[in-house]
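J.: This is the structure, below, for whatever I ask next.
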Amino acid sequence: MPLLPKTVQPNSGEDHFDKQGFPHFMLKEIYQQPEVVRTCLAHYLNSNPDRPFNLPDRPIPNQIHLLACGTSWHACLIAQHWLEQIAGIPTRVRAASEFVAAPFPPTSNILTIAATQSGETADTLAAVQLARHSQTHLFGITNQPESSLSQIVDRTLLTHAGREIGVAATKTFLTQLLVFYCLTLDFAHQRQQLSGAQMQDAIAKLHALPDHITTLLQQDSAIQTLAQSFATAEHCIVLGRGIQRPIALEGALKLKETTYLHAEGYAAGEFMHGPIALLDARIPVIVLAPAGSVYPDTLANVRKIKANGASVLGIVTAGGEADFDRAIVLPSIDESLSPFLSVIPLQLLAYHLAVLRGLDVDRPRNITKTLTE
């Protein structure tokens, strides 16, 4: 029999936790992200160049399956990109809520990884129970060591994000990404996809992430001002290409969860194939366009969007501001690591817009959350 999730209402026990001067838990948790990244890295990195990651021993799989819901599903979509493009391992992603109706066909030497912030997501637990019958190795990524998920997987990889009170996931998403990235580099190391020098360079760039996030958070007041231009909008489009597509989906989800704005995330190229008909001057468009291999194609999409009269906010690296009506500038970073930064402005935008609309930021309507620590 599947284990039932231990659901806790989002306001249960909140008063026992201090906002530490922040007006809402969500903003506090956004600002905690540099520190939780440091904490997570401290658990997964070590100084041994022959085994740089503190991760469980396991065979190198022929294929990886990823299962999750909501924000965790978006983390899995980014992980798929890393696992395939960096580690060279074919990877499939399925929304856990759809997996029971259409499970992956059984294949030999599969690693299945289920991601859930609380470890209590009912759809994810049901999918894991079904995956157990296919003789697969099962890992879980969660923020809760004593969760139901941890009881039914072979190994649990903790995100070490600390208690997250706000219903809209922020720091737990970032730490899920970090665990997936460390796992990717570890597989790449075992499969000799990266040289020793490349691995040390990748680890050095991970250590630099907290400072980059801190620098980005210094634009909070500017993002608060930008939120005012969205205050009367009824619809919004968020676009991204390649590794930024899941961030577009996550940004749209944050806007829907906290502001009740009808926001849609799309692959920038696919938006040209039909949905562009939605655009007019009343619908703001947010485009994730950090420097990288897909930037020229993204910019071509932006020009078509602007030709249709829409206002475009770009999330860019320095030098890309001129192609947008307004821009938020990210610190310069490798394209593979850019999701760790590009999601931050979207979290802040969703937060400030919800505040402007007078909404309950930490407890959006119709949503329950299992508190995690």
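Within each chain, counting starts at residue 1; across the structure tokens, chains are named A, B, ... in the order shown, with ligands numbered 1 upward in that order.
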Run DSSP on the backbone and give me the residues of stretch 185-356 of chain A it puts in alpha helix (DSSP H), as a PyMOL selection string.

T.: chain A and resi 185-190+196-217+220-227+245-259+268-271+295-307+339-356

J.: Can you pull out every residue within 8 Å of stretch 134-145 of chain A, counting only C-alpha atoms, but drop anything in the same chain fewer than 3 positions away, and send it as a count of residues only?

T.: 34

J.: When distances are computed from only C-alpha atoms, which of A:Gly251, A:Pro34, A:Pro105, A:Gly196 shows the smallest separation from A:Pro49?

T.: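 Checking each candidate against A:Pro49, we get A:Gly196 as the closest.
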
J.: List as a tab-separated table every residue of stretch 242-355 of chain A that is in contact with stretch 86-95 of chain A, defined as an atom at most 12 Å from one of its atoms (using only C-alpha atoms), together with the nearest atom pair and the distance in Å rounded to one decimal, sorted by chain and then rising number.

T.:
```
residue	atom	partner	partner_atom	distance
A:Glu335	CA	A:Ile86	CA	11.9
A:Ser336	CA	A:Ile86	CA	8.9
A:Leu337	CA	A:Ile86	CA	11.7
```

J.: Report the distance between atom CA of A:Leu77 and atom CA of A:Ser338 in Å, rounded to one decimal place.

T.: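 Calculated distance between atom CA of A:Leu77 and atom CA of A:Ser338 is 14.1 Å.
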
J.: Would you kindly return, as a VMD selection string, each protein, DNA or RNA residue with an atom no farther than 8 Å from any atom of A:Thr184, considering only C-alpha atoms and excluding same-chain residues fewer than 4 positions away?

T.: chain A and resid 79 82 to 83 86 to 87 180 188

J.: Write the residues you've just listed into a file as a compact mmCIF listing (two decimals), in the first residue's frame, and include N, CA and C atoms for each of them.

T.:
```txt
# COMPACT_ATOMS: atom_id res chain seq x y z
N ALA A 79 17.78 19.48 -14.89
CA ALA A 79 18.69 18.36 -14.64
C ALA A 79 18.84 17.49 -15.88
N TRP A 82 21.45 19.01 -18.06
CA TRP A 82 22.80 18.78 -17.53
C TRP A 82 23.24 17.34 -17.71
N LEU A 83 22.38 16.40 -17.35
CA LEU A 83 22.77 14.99 -17.39
C LEU A 83 23.06 14.53 -18.82
N ILE A 86 26.21 17.33 -20.24
CA ILE A 86 27.48 17.34 -19.52
C ILE A 86 27.94 15.92 -19.21
N ALA A 87 27.04 15.09 -18.67
CA ALA A 87 27.43 13.72 -18.30
C ALA A 87 27.23 12.73 -19.43
N PHE A 180 21.28 18.24 -8.10
CA PHE A 180 21.30 17.66 -9.45
C PHE A 180 22.60 18.00 -10.18
N ALA A 188 29.79 12.75 -14.70
CA ALA A 188 30.73 13.16 -15.74
C ALA A 188 32.16 12.77 -15.37
```

J.: Enumerate, in order of chain and increasing residue number, the residues of stretch 188-255 of chain A with an atom no farther than 9 Å from stretch 265-277 of chain A, each with its shortest atom pair and distance in Å to one decimal, counting only C-alpha atoms, as CSV.

T.:
```
residue,atom,partner,partner_atom,distance
A:Cys236,CA,A:Gly265,CA,8.7
A:Ile237,CA,A:Gly265,CA,6.0
A:Val238,CA,A:Gly265,CA,4.6
A:Leu239,CA,A:Ala268,CA,4.9
A:Gly240,CA,A:Ala268,CA,5.1
A:Arg241,CA,A:Ala268,CA,5.4
A:Gly242,CA,A:Ala267,CA,7.7
A:Gln244,CA,A:Ala267,CA,8.3
A:Arg245,CA,A:Ala267,CA,5.2
A:Pro246,CA,A:Gly265,CA,8.3
A:Ile247,CA,A:Gly265,CA,8.4
A:Ala248,CA,A:Gly265,CA,4.9
A:Leu249,CA,A:Gly265,CA,4.4
A:Glu250,CA,A:Gly265,CA,7.6
A:Gly251,CA,A:Gly265,CA,7.3
A:Ala252,CA,A:Gly265,CA,5.3
A:Leu253,CA,A:Gly265,CA,8.0
```

J.: Measuring between only C-alpha atoms, which one of A:Gln219, A:Thr317, A:Pro331, A:Asp186 shows the shortest distance to A:Arg58?

T.: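 Among the listed residues, A:Asp186 lies closest to A:Arg58.
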
J.: Would you mind telling me which residue in A:Tyr295, A:Phe230, A:Phe104, A:Tyr181 lies nearest to A:Leu55 when using only C-alpha atoms?

T.: A:Tyr181

J.: Using the chain letters and numbers from this document, which residues of stretch 82-270 of chain A does DSSP assign to strand (DSSP E), as a ChimeraX atom specification?

T.: /A:91-95,110-115,137-142,155-158,235-240,262-267

J.: Report as a list in words all protein, DNA and RNA residues lying within 9 Å of A:Gly314, evaluated on only C-alpha atoms, omitting residues in the same chain fewer than 4 positions from it.

T.: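 Neighbouring residues, sequence-local ones excluded: Val285, Ile286, Val287, Leu288, Ala289, Pro290, Gly320, Glu321, Asp323, Phe324, Asp325, Arg326, Ala327, Ile328 and Val329 of chain A.
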
J.: Which one is closest to A:Lys256: A:Ile243, A:Ala354, A:Ala222, A:Ala126? Count only C-alpha atoms.

T.: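 Answer, going by the shortest atom-to-atom distance: A:Ala354.
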
J.: Find, counting only C-alpha atoms, the residue in A:Arg132, A:Arg282, A:His207, A:His24 that gets nearest to A:Leu45.

T.: A:His207
